[in-house]
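Asker: Input: one structure, supplied below.
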Amino acid sequence: VYQVFENVAKKYDVMNDSMTLGIHRVWKDILVHKMNPCPGTLLLDVAGGTGDIAFRFINYVRSVRQRQLQRKLKHHQNLSWQEIFESYQNDKFNNSLGDSQVVVCDINREMLKVGKQKAQHLGYSEGLSWVLGNAEELPFDDDKFDVYTIAFGIRNVTRIDLALQEAYRVLKPGGRFLCLEFSHVSNPLLSRLYDLYSFQVIPVLGEVIAGDWRSYQYLVESIRQFPPSAGLWAFRLLILMALIFQEELKAMIEDAGFFKVDYENLNFGIVAIHSGFKL
Amino acid sequence: KMAAAGGLRRAGWRLWRARRAVVRCQQCPPLRALQASAALRAASDEHKKEPWASSSQQHFESPPAGHQPEEKPQGPHPSYTGQGGQESEDYESEEQLQHRILTAALEFVPEHGWTAEAIAEGAKTLGLSVAAAGLFHSDGSELILHFVSECNTKLSELLKKEQKLVQLGEAEKKPIDEFLRDAVEARLRMLIPYIEKWPQALSVLLLPRNIPSSLNLLTSMIDDIWHYAGDQSTDFNWYTRRAVLTAIYNTTELVMMQDSSPGFEDTWRFLENRVADAMTMSNTATQVQSTGEAVVQGLMGAAVTVSNAGTSRAVR
């Protein structure tokens with residue numbers, strides 16, 4: 001795993017883009033929205049070397065914090081000067097993130113380097129830490145984090161069950177596990193069909209999202225190209241395979257001790273977000 | 001194909017395990033011990049020792065949390081126990097934990113509103129991570145429904161206590177109009193600590209997704225009041241009774257949102273008048289038509305009045 005990623009680290013973002021033609025950004029946005037973090041949350045992002053999830057998390061928390069401060073200011077209009085002075089002492093008014101922090105952990109030093117550079121380039125300074133570590137054996141204490149995320153990383157882990165156990169260990173009671181992953185299949189024949197589906201549909205979806213109705217037309221035409229009966233059966237099979245994979249992953253997450261494990265399909269099951277709580 | 005077969009076999013094995021667990025545990029609820037929160041509770045109320053008998057009885061009443069097989073609360077690898085039954089005294093289901101979080105969250109509603117933030121703060125007071133707010137919907141629906149349900153339960157208990165006093169001869173039986181007035185007032189007074197943010201809650205309760213639950217809670221509360229009102233002749237049939245009291249309750253609630261008089265005296269006076277109207281209505285032949293109108297007014301006016309109330313409250 002390490003060698004593969006060493007060469008690919010710099011091109012990781014480009015690779016993601018070409019594979020999914022930009023839609024992976026939307027998926028990551030959805031992940032952070034589902035997380036709905038409030039200021040003061042401590043996030044551990046595993047295998048997220050280049051920092052995509054981390055940056056989105058910081059943006060989200062920053063805007064929530066802004067709204068909070070606005071509300072506080074409105075409330076302060078009714079207070080006396082003494083009370084306002086006291087609240088300035090108590091609150092960390094200057095902290096735009098409200099004490100939220102994200103630790104990005106990756107097995108690959110190169111990925112972390114790329115992530116740090118990106119952070120500097122985009123102007124992210126506070127609330128970020130970069131730690132080298134293995135998902136199967138995390139270098140953190142028990143009960144530390146509020147949220148654990150792993151976006152497109154769990155497929156690269158050799159022992160998923162160990163990674164899930166580690167996730168359970170480092171989360172605080174009440175903490176949340178979130179996993180964003182392709183619902184891929186290991187069977188070569190079916191994965192070819194899967195690729196066909198992904199590469200035909202996803203690029204078009206990307207353009208549709210960008211607002212070009214002509215792409216929508218293209219999508220209709222390309223679907224029409226499939227022989228009707230074969231296409232339908234292949235589609236059904238794909239959905240079934242994706243479902244089995246998602247259910248398997250859900251079962252593994254439950255085995256690690258998580259409760260209220262659930263998954264949400266994105267884009268007809270190409271990608272799914274699994275969520276579980278340490279209760 | 002191998003992966004598929006493996007997946008199916010595994011799914012089948014799980015199903016079989018689950019069924020075995022359900023069958024074996026018909027005597028005791030097949031609950032999976034919440035490990036992390038149980039440990040927290042054990043740490044926090046060390047001095048509070050519950051007797052074994054009462055706690056297991058409590059667990060019998062709580063509904064099963066799911067079809068999962070039960071496991072020991074200790075250790076990272078849950079093992080399949082041979083015996084049925086709970087392992088520890090601090091044992092609770094997911095539902096009970098969610099209940100506790102929502103109750104704790106109510107304290108933060110005046111400051112944060114009926115939001116996920118309030119729930120996060122509530123979770124924090126229980127020693128849980130703020131991420132536990134993710135257990136619930138981000139618009140605060142469950143929190144509001146929980147609050148309404150709790151208020152209705154409190155009202156029931158209050159009415160039951162009063163009824164007992166009357167039965168024991170320690171109190172006079174109230175005339176029907178006074179009874180209805182006092183019951184509605186008691187129920188609405190429970191909103192007072194949260195009145196600033198209540199218009200927001202009303203609008204959430206009106207969301208299509210929440211209407212079945214909120215309507216259910218409302219009608220059962222109204223039915224409850226009529227049940228304790230007893231067998232007093234009012235010339236109303238059952239449907240009319242429900243509609244009349246629902247209209248009275250809804251309109252009074254909306255008036256209360258916009259009331260700035262000391263001690264909400266305007267609201268209580270409005271309530272008194274509505275109940276009096278209802279009593280005189282029972283003596284006229286047009287009762288069915290008017291109650292229909294009243295109900296429609298009460299419900300349809302909700303959306304408009306709530307938004308007005310929201311802005312006027314904010315200004316105040």
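Each chain in the structure tokens gets a letter, A, B and so on, in the order shown; residues start at 1 in every chain, and ligands are counted from 1 in the order they appear.
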Report as an MDAnalysis selection string all protein, DNA and RNA residues lying within 10 Å of Phe270 in chain B, evaluated on only C-alpha atoms, omitting residues in the same chain fewer than 2 positions from it.
Answerer: chainID B and resid 248 251:252 255:256 265:268 272:276
Asker: Limited to N, CA, C and O atoms, could you put the picked residues into a file as an mmCIF file, in the first residue's frame?
Answerer:
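Ended up saving to part23.cif:
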```cif
data_model
loop_
_atom_site.group_PDB
_atom_site.id
_atom_site.type_symbol
_atom_site.label_atom_id
_atom_site.label_comp_id
_atom_site.auth_asym_id
_atom_site.auth_seq_id
_atom_site.Cartn_x
_atom_site.Cartn_y
_atom_site.Cartn_z
ATOM 1 N N ILE B 248 -59.989 25.167 20.958
ATOM 2 C CA ILE B 248 -59.707 26.032 22.104
ATOM 3 C C ILE B 248 -58.214 26.007 22.414
ATOM 4 O O ILE B 248 -57.565 27.058 22.595
ATOM 5 N N THR B 251 -56.005 27.724 19.484
ATOM 6 C CA THR B 251 -56.114 29.178 19.394
ATOM 7 C C THR B 251 -55.498 29.835 20.625
ATOM 8 O O THR B 251 -54.807 30.853 20.514
ATOM 9 N N THR B 252 -55.707 29.239 21.796
ATOM 10 C CA THR B 252 -55.117 29.835 23.001
ATOM 11 C C THR B 252 -53.594 29.792 22.927
ATOM 12 O O THR B 252 -52.909 30.740 23.331
ATOM 13 N N VAL B 255 -52.439 32.584 20.731
ATOM 14 C CA VAL B 255 -52.572 33.870 21.411
ATOM 15 C C VAL B 255 -51.417 34.039 22.402
ATOM 16 O O VAL B 255 -50.835 35.124 22.541
ATOM 17 N N MET B 256 -51.092 32.950 23.074
ATOM 18 C CA MET B 256 -50.033 33.008 24.081
ATOM 19 C C MET B 256 -48.686 33.414 23.465
ATOM 20 O O MET B 256 -47.879 34.095 24.096
ATOM 21 N N GLU B 265 -51.946 37.203 31.473
ATOM 22 C CA GLU B 265 -53.350 37.312 31.874
ATOM 23 C C GLU B 265 -54.274 37.463 30.668
ATOM 24 O O GLU B 265 -55.405 36.986 30.680
ATOM 25 N N ASP B 266 -53.801 38.109 29.605
ATOM 26 C CA ASP B 266 -54.631 38.210 28.393
ATOM 27 C C ASP B 266 -54.957 36.829 27.849
ATOM 28 O O ASP B 266 -56.072 36.567 27.403
ATOM 29 N N THR B 267 -53.974 35.956 27.859
ATOM 30 C CA THR B 267 -54.187 34.605 27.340
ATOM 31 C C THR B 267 -55.248 33.875 28.158
ATOM 32 O O THR B 267 -56.144 33.243 27.601
ATOM 33 N N TRP B 268 -55.125 33.970 29.479
ATOM 34 C CA TRP B 268 -56.077 33.237 30.324
ATOM 35 C C TRP B 268 -57.486 33.798 30.168
ATOM 36 O O TRP B 268 -58.482 33.061 30.220
ATOM 37 N N GLU B 272 -60.724 31.739 28.902
ATOM 38 C CA GLU B 272 -61.997 31.740 29.623
ATOM 39 C C GLU B 272 -63.158 32.017 28.663
ATOM 40 O O GLU B 272 -64.195 31.344 28.693
ATOM 41 N N ASN B 273 -62.947 33.010 27.779
ATOM 42 C CA ASN B 273 -64.004 33.356 26.831
ATOM 43 C C ASN B 273 -64.282 32.226 25.854
ATOM 44 O O ASN B 273 -65.443 31.919 25.556
ATOM 45 N N ARG B 274 -63.220 31.586 25.380
ATOM 46 C CA ARG B 274 -63.423 30.500 24.406
ATOM 47 C C ARG B 274 -64.185 29.346 25.026
ATOM 48 O O ARG B 274 -65.041 28.723 24.403
ATOM 49 N N VAL B 275 -63.805 29.023 26.262
ATOM 50 C CA VAL B 275 -64.505 27.919 26.926
ATOM 51 C C VAL B 275 -65.967 28.283 27.143
ATOM 52 O O VAL B 275 -66.870 27.465 26.939
ATOM 53 N N ALA B 276 -66.211 29.528 27.529
ATOM 54 C CA ALA B 276 -67.594 29.969 27.723
ATOM 55 C C ALA B 276 -68.373 29.878 26.420
ATOM 56 O O ALA B 276 -69.527 29.420 26.399
#
```
Asker: At most 6 Å is the cut-off: for each residue in chain B with any atom that close to an atom of chain A, write down the nearest atom pair and the distance in Å rounded to one decimal, counting only C-alpha atoms, chain first then increasing number, as a Markdown table.
Answerer:
```
| residue | atom | partner | partner_atom | distance |
| --- | --- | --- | --- | --- |
| B:Leu34 | CA | A:Leu279 | CA | 5.4 |
| B:Ala36 | CA | A:Leu279 | CA | 5.0 |
| B:Ser37 | CA | A:Leu279 | CA | 5.3 |
| B:Leu128 | CA | A:Gly174 | CA | 4.8 |
| B:Ser129 | CA | A:Gly174 | CA | 4.7 |
| B:Ala131 | CA | A:Gly175 | CA | 5.3 |
| B:Ala132 | CA | A:Gly174 | CA | 4.8 |
```
Asker: Grab the CA of Lys161 in chain B to CA of Ile225 in chain B distance for me, in Å with one decimal place.
Answerer: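 Separating CA of Lys161 in chain B from CA of Ile225 in chain B is a distance of 13.0 Å.
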Asker: Per DSSP on the backbone, what are the alpha helix (DSSP H) residues of range 104-266 of chain B, as number ranges by chain?
Answerer: B: 104-105, 109-112, 116-125, 141-167, 176-189, 198-205, 211-229, 238-257, 265-266
Asker: Point out the residue among A:Leu97, A:Ala119, A:Leu138, A:Ile270 with the least atom-to-atom distance to Gln246 in chain A, counting only C-alpha atoms.
Answerer: A:Ile270
Asker: For Ala47 in chain A, which of A:Glu264, A:Glu181, A:Glu126, A:Asp141 is the closest residue, counting only C-alpha atoms?
Answerer: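 The answer is A:Glu181, which sits nearest to Ala47 in chain A.
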Asker: Which residues are near Gly133 in chain A? Cut-off 7 Å, only C-alpha atoms, ignore same chain within fewer than 2 positions. Put them as a PyMOL selection string.
Answerer: chain A and resi 105-107+131+135+138-139
Asker: Please provide as a PyMOL selection string all residues within 10 Å of range 162-174 of chain B, with the sequence filter that same-chain residues fewer than 5 positions apart are discarded (counting only C-alpha atoms).
Answerer: chain B and resi 156-157+179-180+182+228-230
Asker: Just write the chosen residues, all heavy atoms, as a PDB file, in the first residue's frame.
Answerer:
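Output contents, as saved in result.pdb:
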```
ATOM      1  N   SER B 156     -51.250  14.487  32.382  1.00  0.00           N
ATOM      2  CA  SER B 156     -52.013  13.295  32.780  1.00  0.00           C
ATOM      3  C   SER B 156     -51.872  13.030  34.263  1.00  0.00           C
ATOM      4  O   SER B 156     -52.855  12.757  34.958  1.00  0.00           O
ATOM      5  CB  SER B 156     -51.522  12.066  32.022  1.00  0.00           C
ATOM      6  OG  SER B 156     -52.087  12.009  30.768  1.00  0.00           O
ATOM      7  N   GLU B 157     -50.620  13.095  34.728  1.00  0.00           N
ATOM      8  CA  GLU B 157     -50.384  12.812  36.153  1.00  0.00           C
ATOM      9  C   GLU B 157     -51.085  13.826  37.036  1.00  0.00           C
ATOM     10  O   GLU B 157     -51.667  13.490  38.073  1.00  0.00           O
ATOM     11  CB  GLU B 157     -48.880  12.817  36.431  1.00  0.00           C
ATOM     12  CG  GLU B 157     -48.193  11.573  35.893  1.00  0.00           C
ATOM     13  CD  GLU B 157     -46.680  11.705  35.898  1.00  0.00           C
ATOM     14  OE1 GLU B 157     -46.170  12.720  36.425  1.00  0.00           O
ATOM     15  OE2 GLU B 157     -46.026  10.812  35.363  1.00  0.00           O
ATOM     16  N   PHE B 179     -63.091  23.090  34.789  1.00  0.00           N
ATOM     17  CA  PHE B 179     -62.150  21.981  34.624  1.00  0.00           C
ATOM     18  C   PHE B 179     -61.332  22.141  33.336  1.00  0.00           C
ATOM     19  O   PHE B 179     -60.109  22.034  33.337  1.00  0.00           O
ATOM     20  CB  PHE B 179     -62.916  20.662  34.596  1.00  0.00           C
ATOM     21  CG  PHE B 179     -62.008  19.480  34.469  1.00  0.00           C
ATOM     22  CD1 PHE B 179     -61.470  18.873  35.591  1.00  0.00           C
ATOM     23  CD2 PHE B 179     -61.656  18.992  33.218  1.00  0.00           C
ATOM     24  CE1 PHE B 179     -60.610  17.791  35.474  1.00  0.00           C
ATOM     25  CE2 PHE B 179     -60.790  17.915  33.088  1.00  0.00           C
ATOM     26  CZ  PHE B 179     -60.269  17.321  34.223  1.00  0.00           C
ATOM     27  N   LEU B 180     -62.046  22.399  32.234  1.00  0.00           N
ATOM     28  CA  LEU B 180     -61.354  22.539  30.947  1.00  0.00           C
ATOM     29  C   LEU B 180     -60.377  23.701  30.977  1.00  0.00           C
ATOM     30  O   LEU B 180     -59.244  23.601  30.513  1.00  0.00           O
ATOM     31  CB  LEU B 180     -62.366  22.740  29.820  1.00  0.00           C
ATOM     32  CG  LEU B 180     -63.291  21.569  29.509  1.00  0.00           C
ATOM     33  CD1 LEU B 180     -64.263  21.937  28.396  1.00  0.00           C
ATOM     34  CD2 LEU B 180     -62.503  20.340  29.115  1.00  0.00           C
ATOM     35  N   ASP B 182     -58.827  25.061  33.556  1.00  0.00           N
ATOM     36  CA  ASP B 182     -57.655  24.778  34.376  1.00  0.00           C
ATOM     37  C   ASP B 182     -56.719  23.786  33.698  1.00  0.00           C
ATOM     38  O   ASP B 182     -55.493  23.940  33.750  1.00  0.00           O
ATOM     39  CB  ASP B 182     -58.077  24.224  35.739  1.00  0.00           C
ATOM     40  CG  ASP B 182     -58.696  25.292  36.608  1.00  0.00           C
ATOM     41  OD1 ASP B 182     -58.553  26.478  36.258  1.00  0.00           O
ATOM     42  OD2 ASP B 182     -59.324  24.938  37.626  1.00  0.00           O
ATOM     43  N   TYR B 228     -60.660  12.743  31.859  1.00  0.00           N
ATOM     44  CA  TYR B 228     -60.679  13.153  33.266  1.00  0.00           C
ATOM     45  C   TYR B 228     -61.782  14.148  33.563  1.00  0.00           C
ATOM     46  O   TYR B 228     -62.128  14.347  34.725  1.00  0.00           O
ATOM     47  CB  TYR B 228     -59.316  13.720  33.669  1.00  0.00           C
ATOM     48  CG  TYR B 228     -58.259  12.665  33.802  1.00  0.00           C
ATOM     49  CD1 TYR B 228     -57.284  12.492  32.835  1.00  0.00           C
ATOM     50  CD2 TYR B 228     -58.245  11.810  34.902  1.00  0.00           C
ATOM     51  CE1 TYR B 228     -56.319  11.513  32.958  1.00  0.00           C
ATOM     52  CE2 TYR B 228     -57.282  10.821  35.032  1.00  0.00           C
ATOM     53  CZ  TYR B 228     -56.322  10.682  34.047  1.00  0.00           C
ATOM     54  OH  TYR B 228     -55.380   9.706  34.167  1.00  0.00           O
ATOM     55  N   ALA B 229     -62.330  14.812  32.533  1.00  0.00           N
ATOM     56  CA  ALA B 229     -63.451  15.719  32.749  1.00  0.00           C
ATOM     57  C   ALA B 229     -64.665  14.957  33.231  1.00  0.00           C
ATOM     58  O   ALA B 229     -65.539  15.510  33.885  1.00  0.00           O
ATOM     59  CB  ALA B 229     -63.765  16.476  31.456  1.00  0.00           C
ATOM     60  N   GLY B 230     -64.672  13.669  32.901  1.00  0.00           N
ATOM     61  CA  GLY B 230     -65.715  12.828  33.467  1.00  0.00           C
ATOM     62  C   GLY B 230     -67.016  12.915  32.717  1.00  0.00           C
ATOM     63  O   GLY B 230     -67.127  13.498  31.652  1.00  0.00           O
TER      64      GLY B 230
END
```
Asker: Residues near Ile195 in chain B, anyone? I mean within 10 Å using only C-alpha atoms, not counting same-chain ones fewer than 3 positions away, as a list in words.
Answerer: Pro110, Leu188, Arg189, Met190, Leu191, Ile192, Trp198, Pro199, Gln200, Ala201, Met256, Met257, Gln258 and Arg313 of chain B
Asker: Please, what distance in Å, to one decimal, runs between CA of Ser261 in chain B and CA of Thr115 in chain B?
Answerer: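 Pair CA of Ser261 in chain B / CA of Thr115 in chain B returns 28.1 Å.
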Asker: Just to confirm, what's the straight-line distance from CA of Leu143 in chain B to CA of Leu102 in chain B in Å (one decimal)?
Answerer: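 These two atoms are separated by 5.8 Å.
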